[in-house]
file final_24.txt (compact mmCIF, C-alpha atoms and all ligand atoms)
# COMPACT_ATOMS: atom_id res chain seq x y z
CA MET A 260 124.33 89.63 114.31
CA ASN A 261 125.86 92.26 112.09
CA ILE A 262 127.74 92.05 108.85
CA LYS A 263 131.46 92.39 109.06
CA TYR A 264 133.02 94.61 106.47
CA ILE A 265 136.46 94.13 104.96
CA ASP A 266 137.92 97.07 106.90
CA GLU A 267 136.87 95.43 110.18
CA VAL A 268 138.52 92.06 109.66
CA GLU A 269 141.93 90.89 108.52
CA ILE A 270 141.72 89.30 105.08
CA ARG A 271 145.26 88.58 103.94
CA ASP A 272 146.89 86.35 101.33
CA LYS A 273 143.60 84.68 100.46
CA LYS A 274 141.82 83.78 97.26
CA VAL A 275 138.84 86.13 97.40
CA LEU A 276 135.66 85.78 95.39
CA LEU A 277 134.46 89.34 94.99
CA ARG A 278 130.87 89.94 93.87
CA VAL A 279 130.72 93.31 92.13
CA ASP A 280 128.14 95.07 90.01
CA PHE A 281 129.64 95.61 86.58
CA ASN A 282 126.26 95.77 84.88
CA VAL A 283 127.25 98.87 82.93
CA PRO A 284 125.71 100.35 79.79
CA LEU A 285 127.63 99.63 76.57
CA THR A 286 127.94 101.74 73.45
CA THR A 287 126.74 100.34 70.11
CA ASP A 288 130.32 99.40 69.22
CA GLY A 289 130.58 97.42 72.45
CA SER A 290 132.68 99.52 74.80
CA VAL A 291 131.76 100.74 78.28
CA ALA A 292 129.53 103.82 77.97
CA GLN A 293 129.40 104.68 81.66
CA ASP A 294 131.90 103.35 84.17
CA LEU A 295 130.50 104.69 87.46
CA ARG A 296 129.69 101.21 88.73
CA ILE A 297 133.19 99.98 87.94
CA LYS A 298 134.66 102.93 89.83
CA TYR A 299 132.47 102.21 92.85
CA ALA A 300 134.21 98.83 93.23
CA LEU A 301 137.76 100.21 93.10
CA PRO A 302 138.25 101.01 96.83
CA THR A 303 137.35 97.42 97.76
CA ILE A 304 139.51 95.97 95.00
CA GLU A 305 142.47 98.13 95.99
CA ARG A 306 142.16 97.34 99.68
CA LEU A 307 142.01 93.59 99.08
CA LEU A 308 144.99 93.73 96.70
CA LYS A 309 147.05 95.72 99.17
CA ASN A 310 146.72 92.85 101.65
CA GLY A 311 148.15 90.36 99.18
CA ASN A 312 144.84 88.74 98.28
CA GLN A 313 144.17 87.23 94.87
CA LEU A 314 140.89 88.34 93.37
CA ILE A 315 138.31 86.56 91.29
CA LEU A 316 135.57 89.00 90.30
CA ILE A 317 131.98 87.93 89.64
CA SER A 318 129.29 90.02 87.97
CA TYR A 319 126.51 89.88 85.45
CA LEU A 320 125.82 92.23 82.57
CA GLY A 321 122.42 92.77 80.97
CA ARG A 322 119.81 90.10 80.49
CA PRO A 323 121.38 87.38 78.32
CA LYS A 324 119.42 84.23 77.61
CA GLY A 325 122.22 81.71 78.01
CA ARG A 326 125.71 82.29 76.63
CA ASP A 327 125.55 85.33 74.35
CA ILE A 328 128.77 87.11 73.45
CA GLY A 329 126.88 90.40 73.06
CA PHE A 330 126.71 90.42 76.87
CA SER A 331 130.35 89.50 77.46
CA LEU A 332 132.23 91.21 80.28
CA ALA A 333 135.20 91.67 77.90
CA PRO A 334 134.60 95.45 77.53
CA VAL A 335 134.53 95.75 81.33
CA VAL A 336 137.83 93.88 81.60
CA LYS A 337 139.31 96.34 79.12
CA ARG A 338 138.08 99.34 81.12
CA LEU A 339 139.23 97.79 84.38
CA GLN A 340 142.71 97.33 82.91
CA GLU A 341 142.80 101.10 82.25
CA LEU A 342 141.76 101.85 85.83
CA ILE A 343 144.03 99.47 87.75
CA ALA A 344 147.78 99.82 87.34
CA GLY A 345 150.29 97.05 87.98
CA TYR A 346 147.90 94.14 87.53
CA LYS A 347 146.90 92.11 84.53
CA ILE A 348 143.14 91.69 84.26
CA ALA A 349 142.01 88.49 82.53
CA LEU A 350 138.62 87.11 81.61
CA VAL A 351 137.80 83.49 82.48
CA ASP A 352 135.62 82.40 79.58
CA ASP A 353 134.03 79.44 81.35
CA PHE A 354 135.11 78.67 84.91
CA LEU A 355 133.42 75.25 84.75
CA SER A 356 135.50 74.09 81.78
CA GLU A 357 138.93 72.48 82.02
CA PRO A 358 140.81 75.45 80.49
CA GLY A 359 138.90 77.74 82.89
CA GLN A 360 139.82 75.63 85.90
CA LYS A 361 143.47 75.60 84.78
CA GLN A 362 143.49 79.37 84.30
CA ILE A 363 142.16 79.84 87.84
CA ALA A 364 144.56 77.32 89.36
CA SER A 365 147.54 79.07 87.78
CA GLN A 366 146.42 82.61 88.62
CA ASP A 367 149.50 84.81 88.80
CA LYS A 368 150.26 86.99 91.84
CA ASN A 369 149.76 90.10 89.74
CA GLU A 370 146.66 88.92 88.01
CA ILE A 371 143.00 89.69 88.63
CA LEU A 372 140.53 87.25 87.15
CA VAL A 373 137.02 88.16 86.05
CA LEU A 374 134.56 85.33 85.53
CA GLU A 375 132.53 85.73 82.34
CA ASN A 376 128.95 87.04 82.78
CA ILE A 377 127.52 84.92 85.57
CA ARG A 378 124.08 85.05 83.92
CA PHE A 379 125.46 82.92 81.07
CA TYR A 380 124.70 80.11 83.52
CA SER A 381 120.99 79.56 84.19
CA GLU A 382 121.99 78.06 87.56
CA GLU A 383 122.84 81.55 88.81
CA LYS A 384 119.22 82.70 88.91
CA GLU A 385 118.07 79.27 90.06
CA ASN A 386 120.42 79.54 93.03
CA ASP A 387 121.46 76.00 92.16
CA LYS A 388 123.18 74.04 94.93
CA ASN A 389 125.79 72.34 92.78
CA PHE A 390 126.58 75.57 90.95
CA ILE A 391 127.07 77.35 94.29
CA LYS A 392 129.49 74.60 95.30
CA ARG A 393 131.49 74.98 92.08
CA LEU A 394 131.71 78.73 92.66
CA ALA A 395 132.61 78.50 96.34
CA GLU A 396 135.43 76.04 95.54
CA LEU A 397 137.23 78.79 93.63
CA GLY A 398 138.01 80.87 96.72
CA GLN A 399 138.56 80.89 100.47
CA VAL A 400 136.66 84.06 101.26
CA TYR A 401 133.63 85.77 99.72
CA VAL A 402 133.15 89.53 99.61
CA ASN A 403 129.97 91.20 98.42
CA ASP A 404 130.37 94.77 97.17
CA ALA A 405 127.27 94.83 94.99
CA PHE A 406 124.43 96.45 96.93
CA SER A 407 122.35 96.72 93.76
CA VAL A 408 121.95 92.94 93.50
CA CYS A 409 121.38 92.22 97.19
CA HIS A 410 117.62 91.89 96.68
CA ARG A 411 118.23 88.89 94.41
CA GLU A 412 118.30 85.37 95.80
CA GLU A 413 120.89 84.20 93.33
CA ALA A 414 123.87 81.87 93.62
CA SER A 415 126.59 84.51 93.54
CA VAL A 416 124.69 86.74 95.99
CA VAL A 417 123.18 84.52 98.67
CA GLY A 418 124.63 81.10 97.79
CA ILE A 419 128.40 81.38 98.09
CA PRO A 420 128.45 82.77 101.66
CA THR A 421 126.58 79.69 102.88
CA LEU A 422 129.75 77.72 102.13
CA ILE A 423 132.67 80.08 102.78
CA PRO A 424 133.02 83.11 105.12
CA GLY A 425 131.34 86.22 103.68
CA TYR A 426 132.06 89.90 104.26
CA GLY A 427 130.77 93.22 102.99
CA GLY A 428 132.83 95.44 100.71
CA LEU A 429 133.35 99.17 101.17
CA SER A 430 130.76 100.27 98.64
CA LEU A 431 128.18 97.99 100.28
CA LYS A 432 129.13 99.48 103.63
CA LYS A 433 128.60 103.01 102.37
CA GLU A 434 125.19 102.14 100.91
CA ILE A 435 123.94 100.46 104.06
CA THR A 436 125.37 103.04 106.44
CA MET A 437 123.87 105.93 104.48
CA LEU A 438 120.46 104.41 103.94
CA SER A 439 120.06 103.13 107.48
CA SER A 440 121.10 106.42 109.06
CA VAL A 441 118.65 108.34 106.90
CA LEU A 442 115.85 105.91 107.73
CA GLN A 443 116.52 105.53 111.44
CA ASP A 444 117.43 108.99 112.58
CA PRO A 445 116.90 111.58 109.86
CA LYS A 446 117.42 115.26 110.60
CA LYS A 447 114.17 117.15 110.12
CA PRO A 448 112.56 118.46 108.06
CA VAL A 449 112.59 115.38 105.86
CA VAL A 450 111.50 115.98 102.28
CA VAL A 451 110.76 112.96 100.09
CA ILE A 452 110.54 113.51 96.35
CA LEU A 453 108.72 110.76 94.51
CA GLY A 454 108.10 110.37 90.83
CA GLY A 455 108.36 107.72 88.18
CA ALA A 456 105.81 105.72 86.36
CA LYS A 457 103.65 104.01 88.93
CA ILE A 458 102.25 104.14 92.43
CA SER A 459 101.38 100.45 92.59
CA THR A 460 105.01 99.29 92.64
CA LYS A 461 105.89 101.81 95.34
CA ILE A 462 103.04 101.62 97.84
CA ASN A 463 105.09 99.89 100.55
CA LEU A 464 107.87 102.37 99.96
CA ILE A 465 105.49 105.29 100.38
CA SER A 466 104.02 103.84 103.59
CA ARG A 467 107.50 103.31 105.06
CA LEU A 468 108.70 106.79 104.10
CA MET A 469 105.52 108.31 105.49
CA THR A 470 106.70 107.32 108.98
CA ILE A 471 109.75 109.60 108.78
CA SER A 472 108.89 112.37 106.35
CA ASP A 473 107.38 115.80 106.77
CA THR A 474 106.71 116.54 103.13
CA PHE A 475 106.19 114.50 99.98
CA LEU A 476 106.73 116.23 96.65
CA ILE A 477 105.07 114.16 93.95
CA GLY A 478 105.77 114.21 90.22
CA GLY A 479 105.81 111.91 87.22
CA GLY A 480 103.12 109.43 86.32
CA MET A 481 102.62 108.94 90.04
CA ALA A 482 101.38 112.52 90.37
CA THR A 483 98.89 111.95 87.58
CA THR A 484 97.30 109.06 89.48
CA PHE A 485 96.98 111.24 92.60
CA LEU A 486 95.51 114.07 90.55
CA CYS A 487 93.04 111.66 89.00
CA ALA A 488 92.07 110.48 92.47
CA HIS A 489 91.28 114.14 93.22
CA GLY A 490 88.99 114.22 90.20
CA VAL A 491 91.29 116.19 87.89
CA GLN A 492 90.85 115.64 84.13
CA VAL A 493 94.11 113.98 83.14
CA GLY A 494 93.22 113.25 79.51
CA LYS A 495 95.58 110.83 77.80
CA SER A 496 98.22 110.97 80.52
CA LEU A 497 99.81 107.87 81.99
CA TYR A 498 97.99 107.00 85.18
CA GLU A 499 96.97 103.86 87.00
CA ASN A 500 93.26 103.30 86.98
CA THR A 501 93.66 100.35 89.30
CA ALA A 502 95.65 102.34 91.87
CA LEU A 503 93.14 105.14 92.44
CA ASP A 504 91.88 103.58 95.66
CA GLU A 505 95.45 103.13 96.89
CA ALA A 506 96.15 106.75 96.04
CA ARG A 507 93.15 107.85 98.10
CA LYS A 508 94.29 105.66 100.99
CA ILE A 509 97.74 107.24 100.88
CA LEU A 510 96.20 110.71 100.92
CA ALA A 511 94.11 109.75 103.96
CA LEU A 512 97.10 108.22 105.73
CA ALA A 513 99.09 111.39 105.08
CA LYS A 514 96.39 113.46 106.76
CA GLU A 515 96.45 111.17 109.75
CA LYS A 516 100.25 111.30 110.03
CA ASN A 517 100.38 115.02 109.40
CA THR A 518 102.54 114.57 106.32
CA LEU A 519 102.14 117.21 103.65
CA ILE A 520 101.62 115.76 100.17
CA VAL A 521 102.37 118.31 97.49
CA LEU A 522 101.03 117.70 93.99
CA PRO A 523 101.86 119.82 90.94
CA GLN A 524 99.30 122.57 90.40
CA GLU A 525 100.78 123.26 86.99
CA VAL A 526 101.94 120.66 84.47
CA VAL A 527 103.56 120.40 81.04
CA VAL A 528 101.65 118.76 78.22
CA GLY A 529 102.92 117.74 74.79
CA ASP A 530 103.73 114.79 72.56
CA ARG A 531 106.18 112.44 74.23
CA ASN A 532 107.39 110.84 71.01
CA ASP A 533 108.12 114.10 69.22
CA PRO A 534 111.70 115.31 69.79
CA LYS A 535 110.53 118.78 68.78
CA SER A 536 107.26 118.68 70.73
CA ALA A 537 105.85 121.91 72.08
CA ARG A 538 106.13 122.32 75.85
CA ILE A 539 102.78 123.71 76.91
CA PHE A 540 102.16 124.84 80.50
CA LYS A 541 98.70 124.21 81.88
CA LYS A 542 96.98 124.73 85.18
CA LEU A 543 95.02 121.69 86.34
CA THR A 544 91.69 123.33 85.47
CA GLU A 545 92.87 123.97 81.91
CA LEU A 546 93.51 120.31 81.07
CA THR A 547 91.38 118.70 78.35
CA GLU A 548 90.72 115.10 77.38
CA ASN A 549 93.31 115.35 74.60
CA ASP A 550 96.18 116.39 76.86
CA THR A 551 99.10 114.22 77.90
CA ILE A 552 100.90 115.33 81.06
CA LEU A 553 104.63 114.76 80.61
CA ASP A 554 106.34 116.90 83.26
CA ILE A 555 105.73 119.19 86.20
CA GLY A 556 105.32 122.86 85.24
CA PRO A 557 107.59 125.83 86.15
CA ASN A 558 105.26 126.89 88.93
CA ALA A 559 105.42 123.42 90.51
CA GLU A 560 109.21 123.43 90.06
CA ALA A 561 109.39 126.66 92.06
CA VAL A 562 107.17 125.29 94.84
CA TYR A 563 109.15 122.05 95.03
CA ARG A 564 112.46 123.90 95.02
CA SER A 565 111.38 126.04 97.97
CA HIS A 566 110.59 122.89 100.00
CA ILE A 567 113.93 121.35 99.00
CA THR A 568 115.81 124.48 100.06
CA LYS A 569 114.46 124.18 103.61
CA ALA A 570 115.04 120.43 103.97
CA GLU A 571 117.68 118.87 106.22
CA THR A 572 117.15 115.39 104.78
CA ILE A 573 116.20 114.73 101.15
CA ILE A 574 115.25 111.36 99.71
CA TRP A 575 114.54 111.25 95.98
CA ASN A 576 113.26 108.42 93.82
CA GLY A 577 111.57 108.71 90.45
CA PRO A 578 111.85 111.21 87.58
CA MET A 579 109.39 114.12 87.55
CA GLY A 580 108.43 113.52 83.94
CA TYR A 581 109.05 111.63 80.72
CA TYR A 582 112.75 112.48 80.92
CA GLU A 583 113.73 110.16 78.03
CA ASN A 584 112.58 113.02 75.78
CA PRO A 585 114.85 115.94 76.81
CA ILE A 586 111.96 118.38 76.30
CA PHE A 587 110.24 116.80 79.30
CA ALA A 588 113.34 116.41 81.46
CA HIS A 589 113.19 119.99 82.73
CA GLY A 590 111.34 119.23 85.96
CA THR A 591 113.71 116.37 86.82
CA GLU A 592 116.75 118.55 86.12
CA SER A 593 115.34 121.37 88.20
CA ILE A 594 114.81 119.07 91.19
CA PHE A 595 118.35 117.76 90.79
CA ASP A 596 119.67 121.31 90.65
CA ALA A 597 117.77 122.33 93.79
CA ILE A 598 119.15 119.36 95.72
CA THR A 599 122.74 120.16 94.72
CA GLN A 600 122.24 123.77 95.87
CA ASN A 601 121.10 122.72 99.34
CA THR A 602 124.50 122.21 100.93
CA HIS A 603 123.27 121.73 104.51
CA ALA A 604 121.03 118.73 103.84
CA THR A 605 121.86 115.04 103.66
CA SER A 606 120.60 113.91 100.28
CA VAL A 607 120.05 110.38 99.05
CA VAL A 608 119.07 109.70 95.46
CA GLY A 609 118.29 106.31 93.98
CA GLY A 610 116.34 104.37 91.39
CA GLY A 611 117.45 103.01 88.04
CA ASP A 612 115.78 105.70 85.96
CA THR A 613 116.37 108.50 88.44
CA VAL A 614 120.11 107.92 88.42
CA ALA A 615 120.14 107.47 84.63
CA ALA A 616 118.35 110.81 84.29
CA ILE A 617 120.97 112.77 86.24
CA LEU A 618 124.23 110.99 85.42
CA ASP A 619 125.32 113.48 82.81
CA GLU A 620 124.68 116.45 85.09
CA LYS A 621 127.39 118.47 86.77
CA HIS A 622 127.75 118.66 90.57
CA LEU A 623 126.91 115.00 91.16
CA ASP A 624 129.37 115.21 94.06
CA LYS A 625 126.99 117.61 95.83
CA ILE A 626 124.57 114.74 96.42
CA THR A 627 125.48 113.05 99.71
CA HIS A 628 124.74 109.60 98.38
CA ILE A 629 123.75 108.27 94.98
CA SER A 630 122.58 104.72 95.48
CA THR A 631 123.77 102.16 92.94
CA GLY A 632 120.70 100.10 93.67
CA GLY A 633 117.40 100.69 91.94
CA GLY A 634 115.17 97.84 93.06
CA ALA A 635 117.57 97.04 95.90
CA MET A 636 117.32 100.51 97.39
CA LEU A 637 113.53 100.54 97.24
CA GLU A 638 113.34 97.10 98.85
CA TYR A 639 115.87 98.06 101.50
CA ILE A 640 113.83 101.12 102.47
CA GLU A 641 110.69 98.99 102.70
CA LYS A 642 112.13 96.06 104.62
CA GLY A 643 115.25 97.37 106.34
CA THR A 644 117.34 94.50 104.99
CA LEU A 645 117.89 92.36 101.88
CA PRO A 646 118.60 88.66 101.24
CA GLY A 647 122.19 89.38 100.16
CA ILE A 648 122.81 91.26 103.41
CA GLU A 649 121.25 88.53 105.55
CA ALA A 650 123.44 85.95 103.79
CA LEU A 651 126.55 87.74 105.04
CA LYS A 652 125.34 87.52 108.63
CA LYS A 653 125.32 83.76 108.64
CA ARG A 654 129.02 82.89 108.53
CA SER A 655 131.38 85.79 108.92
P1 LIG B 1 113.12 104.54 89.02
O1 LIG B 1 113.67 103.52 88.06
O2 LIG B 1 114.06 105.68 89.22
O3 LIG B 1 112.63 103.93 90.30
P2 LIG B 1 110.55 104.43 87.71
O4 LIG B 1 110.99 103.22 86.97
O5 LIG B 1 109.51 104.30 88.75
O6 LIG B 1 111.83 105.20 88.32
O7 LIG B 1 109.96 105.49 86.67
C1 LIG B 1 110.68 105.98 85.60
C2 LIG B 1 109.80 106.05 84.36
O8 LIG B 1 108.67 106.86 84.61
C3 LIG B 1 110.55 106.67 83.21
O9 LIG B 1 110.52 105.78 82.11
C4 LIG B 1 109.74 107.93 82.91
O10 LIG B 1 109.65 108.26 81.55
C5 LIG B 1 108.39 107.57 83.42
N1 LIG B 1 107.57 108.75 83.66
C6 LIG B 1 107.73 109.68 84.60
N2 LIG B 1 106.79 110.65 84.48
C7 LIG B 1 106.04 110.32 83.42
C8 LIG B 1 104.88 110.91 82.79
N3 LIG B 1 104.37 112.05 83.22
N4 LIG B 1 104.37 110.27 81.72
C9 LIG B 1 104.91 109.13 81.27
N5 LIG B 1 105.97 108.52 81.82
C10 LIG B 1 106.53 109.11 82.88
MG MG B 2 112.81 102.23 86.61
call {"tool": "encode", "arguments": {"input": "final_24.txt", "output": "structure tokens", "more": "lines below"}}
Ligand code: ADP
Ligand code: MG
result
Amino acid sequence: MNIKYIDEVEIRDKKVLLRVDFNVPLTTDGSVAQDLRIKYALPTIERLLKNGNQLILISYLGRPKGRDIGFSLAPVVKRLQELIAGYKIALVDDFLSEPGQKQIASQDKNEILVLENIRFYSEEKENDKNFIKRLAELGQVYVNDAFSVCHREEASVVGIPTLIPGYGGLSLKKEITMLSSVLQDPKKPVVVILGGAKISTKINLISRLMTISDTFLIGGGMATTFLCAHGVQVGKSLYENTALDEARKILALAKEKNTLIVLPQEVVVGDRNDPKSARIFKKLTELTENDTILDIGPNAEAVYRSHITKAETIIWNGPMGYYENPIFAHGTESIFDAITQNTHATSVVGGGDTVAAILDEKHLDKITHISTGGGAMLEYIEKGTLPGIEALKKRS
């Protein structure tokens, strides 16, 4: 059975519980710093409103331990009010309380309600039966437009659609359509760019991607572990001692599958905590025990860019270096730039840090698909589905 999306069914004049991902970064003075995730939800919101539905939005923000006003969705409500004309957006402080229940019961035709941070309730993560019931009672239909939380077995993700009919939103549809087409029938050559901190958390991902890819371009801390497995002196660099065997297995598997694994032959060393650190280029043979690898070098950038130029499908997860210090963000930026310049390829980019690293760049629209899901995207690639997606197949 497949999910039904909201543009494939008639949802009209209903009370709709809409699960969105409004987990946005806030500024120090408590306003929305980056509203991309809010904007992703707008097509679904607008479509449901057009059909006369009344919306109750559900999201979490951050990692509050219980009710903590520092994690309130109030700033999101404010931003949403600026983005949606003709509707009043109101926050429901506590939907379980009597005032909350009254506010929901008397929801105006031109009003959109937003439930306060769903993680203020510990029952959300516990996927608590009674809590699910209290949520499901608020609406007649459930719509999930939050791909990035679909790997979580939580009340507002997998619970509600066990009790009322559940459908996928338009942003969820785009995510799933893009990712599944790239995984099932990618145009070749397929170039996978992998970076980030660790191999160990991404082994299943690598194995899955190995089945479709022609070339792997490796950077970040992940590259260091591979280099170490090759016997390179990596000094004080971040690498995973415990993953060396896995790294060797991956290299062997790649040989077997005829997948080219490209490692940087030149790296950048420096001091990651120093905002004015020198950016020293070193060949692998020049590394000493005092060096810390923090980025791929210009020579590696050039090699990687030439592979990216020839690709027809590009999948990228993981920064090429310690991008949090702008001095070591060069490799990551260069990869991003190369992808945006390849206009014939389908490109999919995802991962919490990867997306954070490129969000301020220009030409984001030149990427075919930027996944909103970090963990969700990785798990989807590995398993081909997610609990939140399966939950929508049960009763739609
Ligand atoms: P994503 O969230 O996109 O999946 P990861 O969480 O796997 O990516 O990895 C991102 C982290 O890896 C960042 O904090 C980045 O600083 C770190 N990282 C990448 N390369 C290096 C390196 N050479 N040394 C230290 N940290 C690195
Ligand atoms: Mg991360």
call {"tool": "residues_near_ligand", "arguments": {"input": "final_24.txt", "ligand": "ligand MG 2 (chain B)", "cutoff": "7 Å", "atoms": "all atoms listed in the file", "output": "JSON, numbers by chain"}}
result
{"A": [610, 611, 612]}
call {"tool": "closest_residue", "arguments": {"input": "final_24.txt", "among": "A:Pro646, A:Gly609, A:Gly455, A:Pro557", "to": "ligand LIG 1 (chain B)", "atoms": "only C-alpha atoms and all ligand atoms"}}
result
A:Gly455
call {"tool": "residues_near_ligand", "arguments": {"input": "final_24.txt", "ligand": "ligand LIG 1 (chain B)", "cutoff": "10 Å", "atoms": "all atoms listed in the file", "output": "short mmCIF file (atom, residue, chain, number, x, y, z; two decimals) with C-alpha atoms, in the coordinates of the input"}}
result
data_model
loop_
_atom_site.label_atom_id
_atom_site.label_comp_id
_atom_site.auth_asym_id
_atom_site.auth_seq_id
_atom_site.Cartn_x
_atom_site.Cartn_y
_atom_site.Cartn_z
CA LEU A 453 108.72 110.76 94.51
CA GLY A 454 108.10 110.37 90.83
CA GLY A 455 108.36 107.72 88.18
CA ALA A 456 105.81 105.72 86.36
CA LYS A 457 103.65 104.01 88.93
CA ILE A 458 102.25 104.14 92.43
CA SER A 459 101.38 100.45 92.59
CA THR A 460 105.01 99.29 92.64
CA LYS A 461 105.89 101.81 95.34
CA GLY A 478 105.77 114.21 90.22
CA GLY A 479 105.81 111.91 87.22
CA GLY A 480 103.12 109.43 86.32
CA MET A 481 102.62 108.94 90.04
CA ALA A 482 101.38 112.52 90.37
CA THR A 483 98.89 111.95 87.58
CA THR A 484 97.30 109.06 89.48
CA LYS A 495 95.58 110.83 77.80
CA SER A 496 98.22 110.97 80.52
CA LEU A 497 99.81 107.87 81.99
CA TYR A 498 97.99 107.00 85.18
CA VAL A 526 101.94 120.66 84.47
CA VAL A 527 103.56 120.40 81.04
CA VAL A 528 101.65 118.76 78.22
CA ARG A 531 106.18 112.44 74.23
CA THR A 551 99.10 114.22 77.90
CA ILE A 552 100.90 115.33 81.06
CA LEU A 553 104.63 114.76 80.61
CA ASP A 554 106.34 116.90 83.26
CA ILE A 555 105.73 119.19 86.20
CA TRP A 575 114.54 111.25 95.98
CA ASN A 576 113.26 108.42 93.82
CA GLY A 577 111.57 108.71 90.45
CA PRO A 578 111.85 111.21 87.58
CA MET A 579 109.39 114.12 87.55
CA GLY A 580 108.43 113.52 83.94
CA TYR A 581 109.05 111.63 80.72
CA TYR A 582 112.75 112.48 80.92
CA GLU A 583 113.73 110.16 78.03
CA ASN A 584 112.58 113.02 75.78
CA PHE A 587 110.24 116.80 79.30
CA ALA A 588 113.34 116.41 81.46
CA GLY A 590 111.34 119.23 85.96
CA THR A 591 113.71 116.37 86.82
CA VAL A 608 119.07 109.70 95.46
CA GLY A 609 118.29 106.31 93.98
CA GLY A 610 116.34 104.37 91.39
CA GLY A 611 117.45 103.01 88.04
CA ASP A 612 115.78 105.70 85.96
CA THR A 613 116.37 108.50 88.44
CA VAL A 614 120.11 107.92 88.42
CA ALA A 615 120.14 107.47 84.63
CA ALA A 616 118.35 110.81 84.29
CA GLY A 632 120.70 100.10 93.67
CA GLY A 633 117.40 100.69 91.94
CA GLY A 634 115.17 97.84 93.06
CA MET A 636 117.32 100.51 97.39
CA LEU A 637 113.53 100.54 97.24
#
call {"tool": "closest_residue", "arguments": {"input": "final_24.txt", "among": "A:Leu397, A:Leu372, A:Val402, A:Leu355", "to": "Leu277 (chain A)", "atoms": "only C-alpha atoms"}}
result
A:Val402
call {"tool": "residues_around", "arguments": {"input": "final_24.txt", "residues": "Ile328 (chain A)", "least_positions_apart": "2", "cutoff": "12 Å", "atoms": "all atoms listed in the file", "output": "PDB file with C-alpha atoms, in the frame of the given file"}}
result
ATOM      1  CA  GLY A 289     130.580  97.420  72.450  1.00  0.00           C
ATOM      2  CA  LEU A 320     125.820  92.230  82.570  1.00  0.00           C
ATOM      3  CA  GLY A 321     122.420  92.770  80.970  1.00  0.00           C
ATOM      4  CA  ARG A 322     119.810  90.100  80.490  1.00  0.00           C
ATOM      5  CA  PRO A 323     121.380  87.380  78.320  1.00  0.00           C
ATOM      6  CA  LYS A 324     119.420  84.230  77.610  1.00  0.00           C
ATOM      7  CA  GLY A 325     122.220  81.710  78.010  1.00  0.00           C
ATOM      8  CA  ARG A 326     125.710  82.290  76.630  1.00  0.00           C
ATOM      9  CA  PHE A 330     126.710  90.420  76.870  1.00  0.00           C
ATOM     10  CA  SER A 331     130.350  89.500  77.460  1.00  0.00           C
ATOM     11  CA  LEU A 332     132.230  91.210  80.280  1.00  0.00           C
ATOM     12  CA  ALA A 333     135.200  91.670  77.900  1.00  0.00           C
ATOM     13  CA  PRO A 334     134.600  95.450  77.530  1.00  0.00           C
ATOM     14  CA  ASP A 352     135.620  82.400  79.580  1.00  0.00           C
ATOM     15  CA  GLU A 375     132.530  85.730  82.340  1.00  0.00           C
ATOM     16  CA  ASN A 376     128.950  87.040  82.780  1.00  0.00           C
ATOM     17  CA  ARG A 378     124.080  85.050  83.920  1.00  0.00           C
ATOM     18  CA  PHE A 379     125.460  82.920  81.070  1.00  0.00           C
TER      19      PHE A 379
END
call {"tool": "residues_around", "arguments": {"input": "final_24.txt", "residues": "region 617-624 of chain A", "least_positions_apart": "6", "cutoff": "8 Å", "atoms": "all atoms listed in the file", "output": "PDB file with C-alpha atoms, in the coordinates of the input"}}
result
ATOM      1  CA  GLU A 592     116.750 118.550  86.120  1.00  0.00           C
ATOM      2  CA  PHE A 595     118.350 117.760  90.790  1.00  0.00           C
ATOM      3  CA  THR A 599     122.740 120.160  94.720  1.00  0.00           C
TER       4      THR A 599
END
call {"tool": "closest_atom_pairs", "arguments": {"input": "final_24.txt", "of": "region 318-404 of chain A", "to": "region 290-306 of chain A", "cutoff": "10 Å", "atoms": "only C-alpha atoms", "output": "CSV"}}
result
residue,atom,partner,partner_atom,distance
A:Leu332,CA,A:Val291,CA,9.7
A:Ala333,CA,A:Ser290,CA,8.8
A:Pro334,CA,A:Ser290,CA,5.3
A:Val335,CA,A:Val291,CA,6.5
A:Val336,CA,A:Val291,CA,9.7
A:Lys337,CA,A:Ser290,CA,8.5
A:Arg338,CA,A:Val291,CA,7.1
A:Leu339,CA,A:Ile297,CA,7.3
A:Leu342,CA,A:Lys298,CA,8.2
A:Ile343,CA,A:Leu301,CA,8.3
A:Ile371,CA,A:Ile304,CA,9.6
A:Val402,CA,A:Thr303,CA,9.1
A:Asn403,CA,A:Thr303,CA,9.7
A:Asp404,CA,A:Ala300,CA,6.8
call {"tool": "residues_near_point", "arguments": {"input": "final_24.txt", "point": "(120.1, 91.3, 101.3)", "cutoff": "9 Å", "atoms": "all atoms listed in the file", "output": "short mmCIF file (atom, residue, chain, number, x, y, z; two decimals) with C-alpha atoms, in the frame of the given file"}}
result
data_model
loop_
_atom_site.label_atom_id
_atom_site.label_comp_id
_atom_site.auth_asym_id
_atom_site.auth_seq_id
_atom_site.Cartn_x
_atom_site.Cartn_y
_atom_site.Cartn_z
CA PHE A 406 124.43 96.45 96.93
CA VAL A 408 121.95 92.94 93.50
CA CYS A 409 121.38 92.22 97.19
CA HIS A 410 117.62 91.89 96.68
CA ARG A 411 118.23 88.89 94.41
CA GLU A 412 118.30 85.37 95.80
CA VAL A 416 124.69 86.74 95.99
CA VAL A 417 123.18 84.52 98.67
CA ALA A 635 117.57 97.04 95.90
CA TYR A 639 115.87 98.06 101.50
CA THR A 644 117.34 94.50 104.99
CA LEU A 645 117.89 92.36 101.88
CA PRO A 646 118.60 88.66 101.24
CA GLY A 647 122.19 89.38 100.16
CA ILE A 648 122.81 91.26 103.41
CA GLU A 649 121.25 88.53 105.55
CA ALA A 650 123.44 85.95 103.79
CA LEU A 651 126.55 87.74 105.04
#
call {"tool": "closest_residue", "arguments": {"input": "final_24.txt", "among": "A:Val449, A:Ala513, A:Gly556, A:Ile477", "to": "Lys569 (chain A)", "atoms": "only C-alpha atoms"}}
result
A:Val449
